[in-house]
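Student: My structure file protein-v4.txt, compact mmCIF, C-alpha atoms, is below:
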# COMPACT_ATOMS: atom_id res chain seq x y z
CA MET P 1 -62.86 -159.67 -21.32
CA PRO P 2 -64.71 -158.69 -24.38
CA PRO P 3 -65.00 -161.05 -27.14
CA SER P 4 -61.88 -161.36 -29.23
CA SER P 5 -63.90 -160.90 -32.35
CA ALA P 6 -64.65 -157.28 -31.44
CA ALA P 7 -61.81 -154.97 -32.38
CA ALA P 8 -60.85 -152.30 -29.81
CA PRO P 9 -60.79 -148.63 -31.09
CA PRO P 10 -57.32 -147.20 -31.58
CA PRO P 11 -56.07 -144.43 -29.29
CA SER P 12 -56.57 -140.87 -30.44
CA PRO P 13 -53.59 -139.25 -32.07
CA SER P 14 -51.51 -137.07 -29.76
CA ALA P 15 -51.34 -133.33 -30.46
CA ARG P 16 -47.73 -133.28 -29.31
CA PHE P 17 -46.55 -136.36 -31.01
CA PRO P 18 -48.69 -136.90 -34.11
CA ASP P 19 -48.43 -140.05 -36.07
CA ALA P 20 -47.29 -138.16 -39.13
CA ALA P 21 -46.04 -134.69 -39.78
CA PRO P 22 -48.67 -132.32 -41.08
CA THR P 23 -48.48 -131.64 -44.72
CA VAL P 24 -50.35 -128.37 -44.69
CA GLY P 25 -48.15 -125.56 -45.93
CA ARG P 26 -45.17 -127.83 -46.64
CA ASP P 27 -43.56 -128.06 -49.99
CA ALA P 28 -43.34 -131.29 -51.88
CA PRO P 29 -40.11 -133.17 -51.82
CA ARG P 30 -37.64 -132.20 -54.45
CA GLY P 31 -37.30 -134.52 -57.40
CA GLY P 32 -40.80 -136.02 -57.49
CA ALA P 33 -44.46 -135.86 -56.52
CA ALA P 34 -45.68 -135.54 -53.03
CA GLN P 35 -46.27 -138.82 -51.18
CA ALA P 36 -49.13 -139.37 -48.74
CA PRO P 37 -48.07 -140.31 -45.25
CA SER P 38 -48.71 -143.82 -44.07
CA ARG P 39 -51.28 -144.46 -41.33
CA ARG P 40 -52.28 -147.32 -39.19
CA PRO P 41 -54.85 -149.71 -40.36
CA GLY P 42 -58.25 -148.86 -38.92
CA ALA P 43 -57.26 -145.32 -37.94
CA PRO P 44 -59.65 -142.56 -38.96
CA ALA P 45 -58.62 -140.21 -41.68
CA GLN P 46 -56.80 -137.07 -40.50
CA THR P 47 -57.86 -133.60 -41.43
CA PRO P 48 -55.48 -130.66 -41.91
CA THR P 49 -55.00 -128.77 -38.69
CA GLU P 50 -52.93 -125.70 -37.73
CA THR P 51 -50.87 -126.22 -34.63
CA THR P 52 -49.12 -122.81 -34.53
CA ALA P 53 -50.52 -119.35 -33.68
CA ARG P 54 -49.70 -116.69 -36.29
CA LEU P 55 -49.86 -112.89 -35.99
CA ARG P 56 -52.75 -111.26 -37.70
CA PRO P 57 -51.73 -108.75 -40.36
CA ILE P 58 -52.70 -105.09 -39.74
CA PRO P 59 -54.21 -103.44 -42.74
CA ALA P 60 -52.34 -100.33 -43.93
CA ALA P 61 -54.05 -96.97 -43.94
CA PRO P 62 -55.19 -96.28 -47.48
CA GLU P 63 -54.51 -92.52 -47.26
CA ALA P 64 -50.81 -92.81 -46.27
CA GLU P 65 -48.69 -92.86 -49.40
CA THR P 66 -45.11 -92.11 -50.16
CA ALA P 67 -43.89 -89.72 -52.76
CA GLY P 68 -43.76 -92.52 -55.28
CA GLY P 69 -47.33 -93.67 -54.62
CA THR P 70 -46.48 -96.78 -52.52
CA ASP P 71 -48.64 -97.41 -49.45
CA VAL P 72 -46.79 -97.07 -46.16
CA PRO P 73 -48.23 -97.69 -42.69
CA ALA P 74 -49.46 -94.48 -41.01
CA PRO P 75 -48.46 -93.79 -37.43
CA ARG P 76 -50.96 -95.09 -34.91
CA ALA P 77 -52.63 -92.47 -32.79
CA ALA P 78 -52.43 -92.67 -29.06
CA VAL P 79 -55.34 -94.58 -27.59
CA PRO P 80 -56.98 -92.98 -24.56
CA PRO P 81 -56.57 -95.03 -21.43
CA SER P 82 -60.29 -95.57 -20.91
CA GLY P 83 -63.69 -94.46 -21.95
CA PRO P 84 -65.50 -94.45 -25.24
CA ALA P 85 -63.97 -93.27 -28.46
CA ALA P 86 -63.43 -89.51 -28.44
CA PRO P 87 -62.27 -86.99 -31.08
CA ARG P 88 -58.53 -86.97 -31.34
CA THR P 89 -56.79 -83.68 -30.30
CA PRO P 90 -53.07 -82.82 -30.26
CA ASP P 91 -51.26 -83.56 -27.06
CA PRO P 92 -50.19 -80.22 -25.48
CA ALA P 93 -47.02 -81.87 -24.16
CA LEU P 94 -45.93 -82.60 -27.74
CA SER P 95 -46.58 -79.05 -29.00
CA TRP P 96 -43.89 -76.38 -29.60
CA SER P 97 -45.96 -73.79 -27.78
CA THR P 98 -46.77 -75.03 -24.29
CA PRO P 99 -49.20 -74.41 -22.67
CA HIS P 100 -51.51 -75.05 -25.55
CA ASP P 101 -53.92 -72.24 -26.33
CA PRO P 102 -56.50 -73.23 -28.95
CA ARG P 103 -57.41 -69.58 -29.52
CA PRO P 104 -55.69 -67.89 -32.54
CA LEU P 105 -53.36 -64.92 -32.00
CA ILE P 106 -54.80 -61.79 -33.61
CA SER P 107 -52.97 -58.43 -33.90
CA PHE P 108 -54.45 -55.14 -35.08
CA GLY P 109 -52.77 -52.43 -37.16
CA GLU P 110 -51.73 -49.11 -35.65
CA PRO P 111 -54.74 -46.80 -35.64
CA GLU P 112 -54.68 -43.61 -37.64
CA GLY P 113 -53.99 -40.52 -35.52
CA TYR P 114 -55.06 -36.93 -35.76
CA ASP P 115 -53.14 -33.70 -35.30
CA GLY P 116 -54.21 -30.59 -33.35
CA LEU P 117 -56.48 -29.46 -36.21
CA ALA P 118 -58.33 -32.80 -36.34
CA ARG P 119 -56.62 -33.68 -39.61
CA PRO P 120 -55.81 -37.37 -40.05
CA ARG P 121 -52.17 -38.26 -40.12
CA PRO P 122 -51.06 -40.80 -42.75
CA LEU P 123 -50.36 -44.26 -41.49
CA GLY P 124 -46.76 -45.46 -41.55
CA GLY P 125 -43.61 -43.53 -42.29
CA ARG P 126 -43.47 -41.89 -38.88
CA PRO P 127 -39.93 -40.71 -38.09
CA ARG P 128 -38.21 -42.23 -35.10
CA PRO P 129 -37.23 -39.97 -32.19
CA GLN P 130 -33.54 -40.75 -32.78
CA ALA P 131 -33.75 -39.62 -36.39
CA VAL P 132 -35.49 -36.40 -35.37
CA ALA P 133 -32.85 -35.67 -32.72
CA ALA P 134 -30.02 -36.34 -35.20
CA ALA P 135 -31.58 -34.00 -37.74
CA VAL P 136 -31.96 -31.24 -35.14
CA CYS P 137 -28.32 -31.61 -34.02
CA LEU P 138 -27.16 -31.48 -37.64
CA VAL P 139 -29.06 -28.28 -38.28
CA LEU P 140 -27.75 -26.67 -35.08
CA GLY P 141 -24.18 -27.72 -35.86
CA VAL P 142 -24.30 -26.29 -39.36
CA GLY P 143 -25.77 -23.08 -37.99
CA LEU P 144 -23.07 -22.68 -35.35
CA LEU P 145 -20.30 -23.39 -37.85
CA THR P 146 -21.73 -20.94 -40.33
CA GLY P 147 -22.06 -18.30 -37.63
CA ALA P 148 -18.46 -18.79 -36.50
CA VAL P 149 -17.11 -18.50 -40.03
CA THR P 150 -19.25 -15.44 -40.71
CA GLY P 151 -18.19 -13.77 -37.47
CA SER P 152 -14.56 -14.50 -38.17
CA TRP P 153 -14.92 -13.03 -41.66
CA LEU P 154 -16.68 -9.91 -40.36
CA ALA P 155 -14.01 -9.43 -37.70
CA GLY P 156 -11.28 -9.57 -40.34
CA ASP P 157 -9.83 -12.86 -39.07
CA SER P 158 -8.91 -15.30 -41.82
CA GLY P 159 -9.45 -18.26 -39.46
CA GLU P 160 -5.84 -19.44 -39.65
CA ASP P 161 -3.92 -20.73 -36.67
CA GLY P 162 -3.38 -18.64 -33.55
CA ALA P 163 0.38 -18.51 -34.09
CA ARG P 164 -0.04 -16.15 -37.06
CA SER P 165 -2.35 -13.89 -35.03
CA ALA P 166 0.19 -13.72 -32.20
CA TYR P 167 2.95 -12.99 -34.70
CA THR P 168 0.98 -10.12 -36.23
CA GLU P 169 0.06 -8.76 -32.81
CA ALA P 170 3.69 -8.81 -31.66
CA GLY P 171 4.64 -6.55 -34.56
CA ASP P 172 2.29 -3.83 -33.24
CA LEU P 173 3.47 -3.84 -29.63
CA TRP P 174 5.85 -0.93 -30.17
CA HIS P 175 2.91 1.54 -30.31
CA SER P 176 0.26 -0.37 -28.29
CA VAL P 177 2.20 -1.21 -25.11
CA PRO P 178 3.51 1.38 -22.62
CA VAL P 179 7.27 1.78 -22.48
CA ASP P 180 7.38 0.72 -18.84
CA GLN P 181 6.09 -2.72 -19.86
CA LEU P 182 8.64 -3.20 -22.60
CA PHE P 183 11.52 -1.59 -20.65
CA PRO P 184 10.60 -1.84 -16.94
CA PRO P 185 12.21 0.84 -14.72
CA THR P 186 13.80 -1.93 -12.62
CA LEU P 187 14.76 -5.42 -13.66
CA LEU P 188 15.76 -8.23 -11.32
CA GLY P 189 18.24 -10.81 -12.51
CA LYS P 190 18.23 -13.65 -10.01
CA GLY P 191 21.35 -15.72 -10.60
CA ALA P 192 22.20 -13.68 -13.72
CA GLY P 193 25.64 -12.53 -12.54
CA PRO P 194 28.99 -14.35 -12.53
CA GLY P 195 28.91 -17.47 -10.37
CA GLY P 196 25.10 -17.31 -10.12
CA ALA P 197 25.09 -13.98 -8.29
CA ASP P 198 21.92 -11.90 -8.34
CA ARG P 199 21.73 -8.72 -10.34
CA THR P 200 19.53 -5.60 -10.21
CA TRP P 201 19.39 -3.16 -13.10
CA THR P 202 17.92 0.32 -13.15
CA ARG P 203 16.82 2.13 -16.27
CA VAL P 204 18.65 5.45 -16.73
CA ALA P 205 17.49 6.54 -20.21
CA VAL P 206 14.98 5.73 -22.97
CA ALA P 207 15.68 6.76 -26.55
CA PRO P 208 12.89 8.26 -28.67
CA ASP P 209 11.37 5.65 -30.95
CA GLY P 210 12.19 6.06 -34.61
CA ASP P 211 13.57 4.35 -37.66
CA CYS P 212 16.93 2.61 -37.90
CA ALA P 213 18.82 5.40 -39.66
CA GLY P 214 22.24 5.77 -37.99
CA ALA P 215 21.41 3.27 -35.26
CA PHE P 216 23.75 0.51 -36.52
CA ASP P 217 27.13 0.22 -38.08
CA ARG P 218 27.12 -0.18 -41.83
CA LEU P 219 27.76 -3.95 -41.91
CA LEU P 220 25.13 -4.76 -39.28
CA ALA P 221 22.58 -2.55 -41.05
CA LYS P 222 23.29 -4.46 -44.27
CA ALA P 223 22.82 -7.81 -42.51
CA LEU P 224 19.44 -6.68 -41.12
CA ASP P 225 18.24 -5.09 -44.35
CA PRO P 226 16.35 -8.22 -45.67
CA VAL P 227 13.80 -7.96 -42.84
CA GLY P 228 13.39 -4.17 -42.97
CA CYS P 229 12.91 -1.74 -40.11
CA SER P 230 9.46 -0.77 -38.89
CA ARG P 231 10.47 0.78 -35.53
CA LEU P 232 13.43 0.81 -33.17
CA LEU P 233 13.09 1.10 -29.36
CA ARG P 234 16.11 1.46 -27.05
CA ALA P 235 16.81 1.92 -23.34
CA THR P 236 20.01 2.04 -21.25
CA TYR P 237 20.41 0.43 -17.80
CA THR P 238 23.07 0.45 -15.09
CA ASP P 239 23.85 -2.06 -12.36
CA ALA P 240 23.40 -1.52 -8.62
CA THR P 241 26.98 -0.19 -8.24
CA GLN P 242 26.70 1.99 -11.36
CA SER P 243 29.95 0.47 -12.61
CA HIS P 244 28.49 -0.94 -15.82
CA VAL P 245 26.08 0.42 -18.43
CA THR P 246 24.08 -1.62 -20.95
CA THR P 247 21.89 -0.58 -23.87
CA VAL P 248 18.99 -2.90 -24.83
CA GLY P 249 17.23 -2.56 -28.20
CA LEU P 250 14.03 -3.94 -29.81
CA LEU P 251 14.05 -3.77 -33.60
CA PHE P 252 10.53 -4.32 -34.99
CA THR P 253 10.88 -5.56 -38.56
CA LYS P 254 8.54 -5.62 -41.57
CA ALA P 255 9.22 -9.28 -42.38
CA ASP P 256 6.94 -12.29 -42.16
CA ALA P 257 7.70 -15.44 -40.22
CA ALA P 258 9.51 -17.10 -43.15
CA ALA P 259 11.89 -14.15 -43.60
CA MET P 260 12.61 -14.01 -39.87
CA THR P 261 13.32 -17.74 -39.81
CA ALA P 262 15.72 -17.35 -42.75
CA LEU P 263 17.55 -14.50 -41.00
CA ALA P 264 17.82 -16.49 -37.76
CA ASP P 265 19.28 -19.45 -39.67
CA ARG P 266 21.80 -17.18 -41.36
CA PHE P 267 22.94 -15.64 -38.06
CA GLU P 268 23.28 -19.11 -36.56
CA LYS P 269 25.10 -20.83 -39.43
CA GLN P 270 27.41 -17.93 -40.31
CA GLY P 271 28.04 -16.85 -36.73
CA LEU P 272 27.01 -13.25 -37.47
CA GLY P 273 26.06 -12.63 -33.86
CA ARG P 274 29.68 -13.12 -32.75
CA ARG P 275 31.41 -10.98 -35.30
CA GLU P 276 32.99 -7.84 -33.83
CA ASP P 277 32.25 -5.79 -36.95
CA LEU P 278 28.52 -6.56 -36.50
CA MET P 279 28.35 -5.27 -32.92
CA PRO P 280 25.34 -2.96 -32.12
CA LEU P 281 25.83 0.68 -31.15
CA PRO P 282 24.96 1.89 -27.60
CA TYR P 283 22.65 4.73 -26.63
CA ALA P 284 24.47 7.37 -24.58
CA ALA P 285 22.13 9.71 -22.69
CA LYS P 286 23.34 13.05 -21.41
CA ASP P 287 23.44 13.76 -17.70
CA THR P 288 23.44 10.02 -16.85
CA VAL P 289 26.10 7.48 -15.95
CA ALA P 290 25.90 6.41 -19.61
CA ALA P 291 26.84 9.84 -20.99
CA GLY P 292 30.30 8.61 -22.07
CA PHE P 293 29.07 5.26 -23.42
CA GLY P 294 30.08 5.30 -27.08
CA ALA P 295 31.35 2.89 -29.73
CA PRO P 296 34.90 2.66 -28.31
CA GLN P 297 33.50 1.64 -24.88
CA ARG P 298 31.66 -1.43 -26.14
CA ALA P 299 32.94 -4.52 -24.32
CA SER P 300 30.37 -7.35 -24.85
CA TRP P 301 27.17 -7.84 -26.88
CA THR P 302 24.47 -10.29 -28.00
CA VAL P 303 21.99 -10.37 -30.91
CA SER P 304 18.88 -12.61 -30.96
CA VAL P 305 16.61 -12.96 -34.02
CA LEU P 306 13.14 -14.16 -32.97
CA THR P 307 11.14 -16.46 -35.24
CA ASP P 308 7.74 -16.27 -33.49
CA ALA P 309 7.65 -12.45 -33.59
CA PRO P 310 9.01 -9.86 -36.07
CA VAL P 311 11.54 -8.58 -33.53
CA VAL P 312 15.33 -8.56 -33.17
CA VAL P 313 16.50 -8.24 -29.56
CA TYR P 314 20.06 -7.04 -28.85
CA ALA P 315 22.15 -5.68 -25.98
CA VAL P 316 25.64 -4.14 -25.68
CA SER P 317 27.52 -3.41 -22.42
CA GLY P 318 30.59 -1.46 -21.26
CA TRP P 319 32.15 0.34 -18.32
CA ALA P 320 30.44 3.40 -16.88
CA ASP P 321 33.72 5.32 -16.43
CA GLY P 322 34.18 5.64 -20.20
CA ARG P 323 37.23 3.38 -20.58
CA THR P 324 37.84 1.96 -24.02
CA VAL P 325 38.02 -1.70 -24.85
CA ASP P 326 40.56 -3.03 -27.33
CA GLU P 327 39.19 -6.59 -27.58
CA PRO P 328 35.41 -6.86 -27.12
CA GLU P 329 34.05 -10.37 -26.58
CA PRO P 330 30.61 -11.80 -27.47
CA ALA P 331 28.41 -12.44 -24.44
CA GLU P 332 28.06 -16.15 -25.28
CA GLU P 333 31.83 -16.53 -24.93
CA ALA P 334 32.29 -14.12 -22.03
CA ILE P 335 29.86 -16.05 -19.78
CA GLU P 336 31.60 -19.36 -20.29
CA SER P 337 33.43 -20.87 -17.36
CA GLY P 338 37.14 -20.11 -17.48
CA ALA P 339 36.86 -17.05 -19.77
CA ALA P 340 39.87 -14.79 -18.91
CA SER P 341 39.21 -11.67 -21.00
CA ALA P 342 38.67 -8.31 -19.26
CA PRO P 343 34.94 -8.16 -20.21
CA ALA P 344 34.49 -11.71 -18.92
CA GLN P 345 36.30 -11.03 -15.65
CA ALA P 346 34.23 -7.89 -15.07
CA GLY P 347 30.96 -9.73 -15.78
CA LEU P 348 30.03 -7.56 -18.76
CA GLY P 349 29.02 -10.63 -20.73
CA HIS P 350 26.50 -11.48 -17.97
CA GLU P 351 25.23 -7.88 -18.05
CA ALA P 352 24.46 -7.98 -21.78
CA LYS P 353 23.02 -11.51 -21.79
CA GLY P 354 20.97 -11.06 -18.60
CA LEU P 355 19.35 -7.78 -19.66
CA ALA P 356 18.55 -9.03 -23.19
CA ASP P 357 16.82 -12.10 -21.76
CA ARG P 358 14.70 -10.07 -19.30
CA VAL P 359 13.57 -7.58 -21.93
CA GLU P 360 12.64 -10.43 -24.28
CA ARG P 361 10.55 -12.00 -21.50
CA ALA P 362 8.76 -8.68 -20.93
CA LEU P 363 8.02 -8.54 -24.66
CA ARG P 364 6.52 -12.06 -24.71
CA LYS P 365 4.34 -11.31 -21.68
CA ASN P 366 2.55 -8.63 -23.69
CA ILE P 367 1.84 -10.88 -26.67
CA GLY P 368 -1.81 -11.82 -26.43
CA THR P 369 -2.50 -9.44 -23.54
CA PRO P 370 -5.31 -6.97 -24.24
CA THR P 371 -4.01 -3.40 -24.16
CA GLU P 372 -5.57 -0.01 -24.66
CA HIS P 373 -4.65 1.42 -28.01
CA PRO P 374 -3.78 5.12 -28.03
CA SER P 375 -6.41 7.40 -29.56
For the structure just supplied, provide its representation as structure tokens.
Tutor:
Amino acid sequence: MPPSSAAAPPPSPSARFPDAAPTVGRDAPRGGAAQAPSRRPGAPAQTPTETTARLRPIPAAPEAETAGGTDVPAPRAAVPPSGPAAPRTPDPALSWSTPHDPRPLISFGEPEGYDGLARPRPLGGRPRPQAVAAAVCLVLGVGLLTGAVTGSWLAGDSGEDGARSAYTEAGDLWHSVPVDQLFPPTLLGKGAGPGGADRTWTRVAVAPDGDCAGAFDRLLAKALDPVGCSRLLRATYTDATQSHVTTVGLLFTKADAAAMTALADRFEKQGLGRREDLMPLPYAAKDTVAAGFGAPQRASWTVSVLTDAPVVVYAVSGWADGRTVDEPEPAEEAIESGAASAPAQAGLGHEAKGLADRVERALRKNIGTPTEHPS
């Protein structure tokens, strides 16, 4: 053993369990001055040591500043995986336009053109093909419309609706259409007789065309006076047995469509077509079965005022043997089922109604049909 007089050195302080807590960086106790820690006698003096590892501060980029002038850390650029420091370039993967093309996009203006005479055309303001086509169509349309209006004016057509033209043309049929088209020599009346029986009528006489003087009784002439009389055409027919005779007339008036419509309304509302004192007169032709067909022989009749043509169509029927009739009956009543009058029983109402309808159809067929006007 060593001599007792020699003092043994103390053990070195432990880094994990120091003899006293380090005072570096600690605040002094509250309420007084800081006290030095006690140490063992003979122990060497302790120096301040740092036992913890602290993060090193990263200096902020001097050029990054906020709007208010305060320094803020700039974003750190991506560090290449290896190799020496290289100039930093944008990552193509982070660009809006991928793949990345460093070359700038350059476009040139439209070059100036030249026409067929080597004259330069001005740049810009070139019309589009659609605008040119629209302008051409507009010009052509205006030209066609102007030509149509001019042609219509030169032809004497006012350009109004076709109904007026047909109405005017119908008023001229009395001198522009042959008589055989207005009053055919033979007319077929399928289902026109009593009980739906067929009828065949043959024309026996045609009256010369003329005015209406003496062609109607006084009261009927007065009723027709508002529309005037331009021309009157008449023809007389007989049935297949030559037992009945019927006169059909076409009165061409001087009235316009409004006057004809007013007359038709008056006949309808006042029942003028059924009045016995407004019955038309027949046309009795000599040397025919209708030679004795006069006013006393009238048995049934019908009067139709057209509104789409200046024409009044009428028909009157009677017996061919010349017998007189005391009580004539309108055709509209004589053709009704159950009518017991003598004209109804003999079918004279069907004769007048059937022939008037067929002649009216022949008239309408010639409206709008081109005909040869007499020279």
Student: For atom CA of Asp326 of chain P and atom CA of Ala352 of chain P, determine how far apart the two atoms are, in Å to one decimal place.
Tutor: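 Here the two named atoms are 17.7 Å from each other.
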Student: Here's a test: counting only C-alpha atoms, identify every protein, DNA and RNA residue with an atom at most 12 Å from (12.4, -13.3, -17.1) in the file's coordinate frame, and state them as a PyMOL selection string.
Tutor: chain P and resi 184+187-192+353-365
Student: At a cut-off of 12 Å, can you tabulate as CSV every residue of segment 262-347 of chain P near segment 193-205 of chain P together with its closest atom pair and the distance in Å to one decimal, using only C-alpha atoms and ordering rows by chain then number?
Tutor:
residue,atom,partner,partner_atom,distance
P:Pro282,CA,P:Ala205,CA,11.5
P:Tyr283,CA,P:Ala205,CA,8.4
P:Ala284,CA,P:Ala205,CA,8.3
P:Ala285,CA,P:Ala205,CA,6.1
P:Lys286,CA,P:Ala205,CA,8.8
P:Asp287,CA,P:Val204,CA,9.6
P:Thr288,CA,P:Val204,CA,6.6
P:Val289,CA,P:Val204,CA,7.8
P:Ala290,CA,P:Val204,CA,7.9
P:Ala291,CA,P:Ala205,CA,9.9
P:Ala320,CA,P:Val204,CA,12.0
P:Ala334,CA,P:Pro194,CA,10.1
P:Ile335,CA,P:Pro194,CA,7.5
P:Glu336,CA,P:Pro194,CA,9.6
P:Ser337,CA,P:Gly195,CA,9.0
P:Gly338,CA,P:Pro194,CA,11.1
P:Ala339,CA,P:Pro194,CA,11.0
P:Pro343,CA,P:Pro194,CA,11.5
P:Ala344,CA,P:Pro194,CA,8.8
P:Gln345,CA,P:Pro194,CA,8.6
P:Ala346,CA,P:Pro194,CA,8.7
P:Gly347,CA,P:Pro194,CA,6.0
Student: Could you turn the residues from that selection into a file that holds C-alpha atoms, as a compact mmCIF listing (two decimals), in the frame of the given file?
Tutor:
# COMPACT_ATOMS: atom_id res chain seq x y z
CA PRO P 282 24.96 1.89 -27.60
CA TYR P 283 22.65 4.73 -26.63
CA ALA P 284 24.47 7.37 -24.58
CA ALA P 285 22.13 9.71 -22.69
CA LYS P 286 23.34 13.05 -21.41
CA ASP P 287 23.44 13.76 -17.70
CA THR P 288 23.44 10.02 -16.85
CA VAL P 289 26.10 7.48 -15.95
CA ALA P 290 25.90 6.41 -19.61
CA ALA P 291 26.84 9.84 -20.99
CA ALA P 320 30.44 3.40 -16.88
CA ALA P 334 32.29 -14.12 -22.03
CA ILE P 335 29.86 -16.05 -19.78
CA GLU P 336 31.60 -19.36 -20.29
CA SER P 337 33.43 -20.87 -17.36
CA GLY P 338 37.14 -20.11 -17.48
CA ALA P 339 36.86 -17.05 -19.77
CA PRO P 343 34.94 -8.16 -20.21
CA ALA P 344 34.49 -11.71 -18.92
CA GLN P 345 36.30 -11.03 -15.65
CA ALA P 346 34.23 -7.89 -15.07
CA GLY P 347 30.96 -9.73 -15.78
Student: Just give me the gap between atom CA of Arg218 of chain P and atom CA of Leu278 of chain P in Å, one decimal is fine.
Tutor: 8.4 Å
Student: For Met279 of chain P, please output as a list in words all residues within 8 Å (counting only C-alpha atoms; exclusion window: fewer than 6 positions along the same chain).
Tutor: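 Everything that qualifies: Asp217, Leu220, Gly273, Trp301 and Val316 of chain P.
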Student: Which residues come within 9 Å of segment 226-234 of chain P, counting only C-alpha atoms, excluding same-chain residues fewer than 3 positions away, as a ChimeraX atom specification?
Tutor: /P:171,174,183,205-212,215,222-223,247-256,259-260,263,282-283,310
Student: Atom CA of Arg323 of chain P and atom CA of Leu224 of chain P, how far apart in Å?
Tutor: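 Result for atom CA of Leu224 of chain P versus atom CA of Arg323 of chain P: 29.0 Å, one decimal.
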Student: Around segment 296-308 of chain P, fit a box with edges along x, y and z, padding it by 8 Å on each side, then list its centre and edge lengths in Å to one decimal as JSON.
Tutor:
{"center_x": 21.3, "center_y": -6.9, "center_z": -29.8, "size_x": 43.2, "size_y": 35.1, "size_z": 26.9}
Student: Counting only C-alpha atoms, figure out which residue out of P:Thr236, P:Thr307, P:Gln242, P:Asn366 gets nearest to Leu281 of chain P.
Tutor: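 Checking each of P:Thr236, P:Thr307, P:Gln242, P:Asn366 against Leu281 of chain P, counting only C-alpha atoms, the winner is P:Thr236.
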Student: Go through P:Thr324, P:Val305, P:Ala257, P:Thr246 and flag the residue nearest Gly349 of chain P, using all atoms listed in the file for the distances.
Tutor: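 Using all atoms listed in the file, Gly349 of chain P sits closest to P:Thr246.
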Student: Which residues, written as a VMD selection string, have at least one atom at most 8 Å from Leu306 of chain P, with only C-alpha atoms counted and residues fewer than 6 positions away on the same chain left out?
Tutor: chain P and resid 260 to 261 264 312 to 313
Student: From the set P:Ala235, P:Ser243, P:Ala315, P:Ala133, which residue has the shortest atom-to-atom contact distance to Thr186 of chain P, counting only C-alpha atoms?
Tutor: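 That would be P:Ala235, the residue with the smallest distance to Thr186 of chain P.
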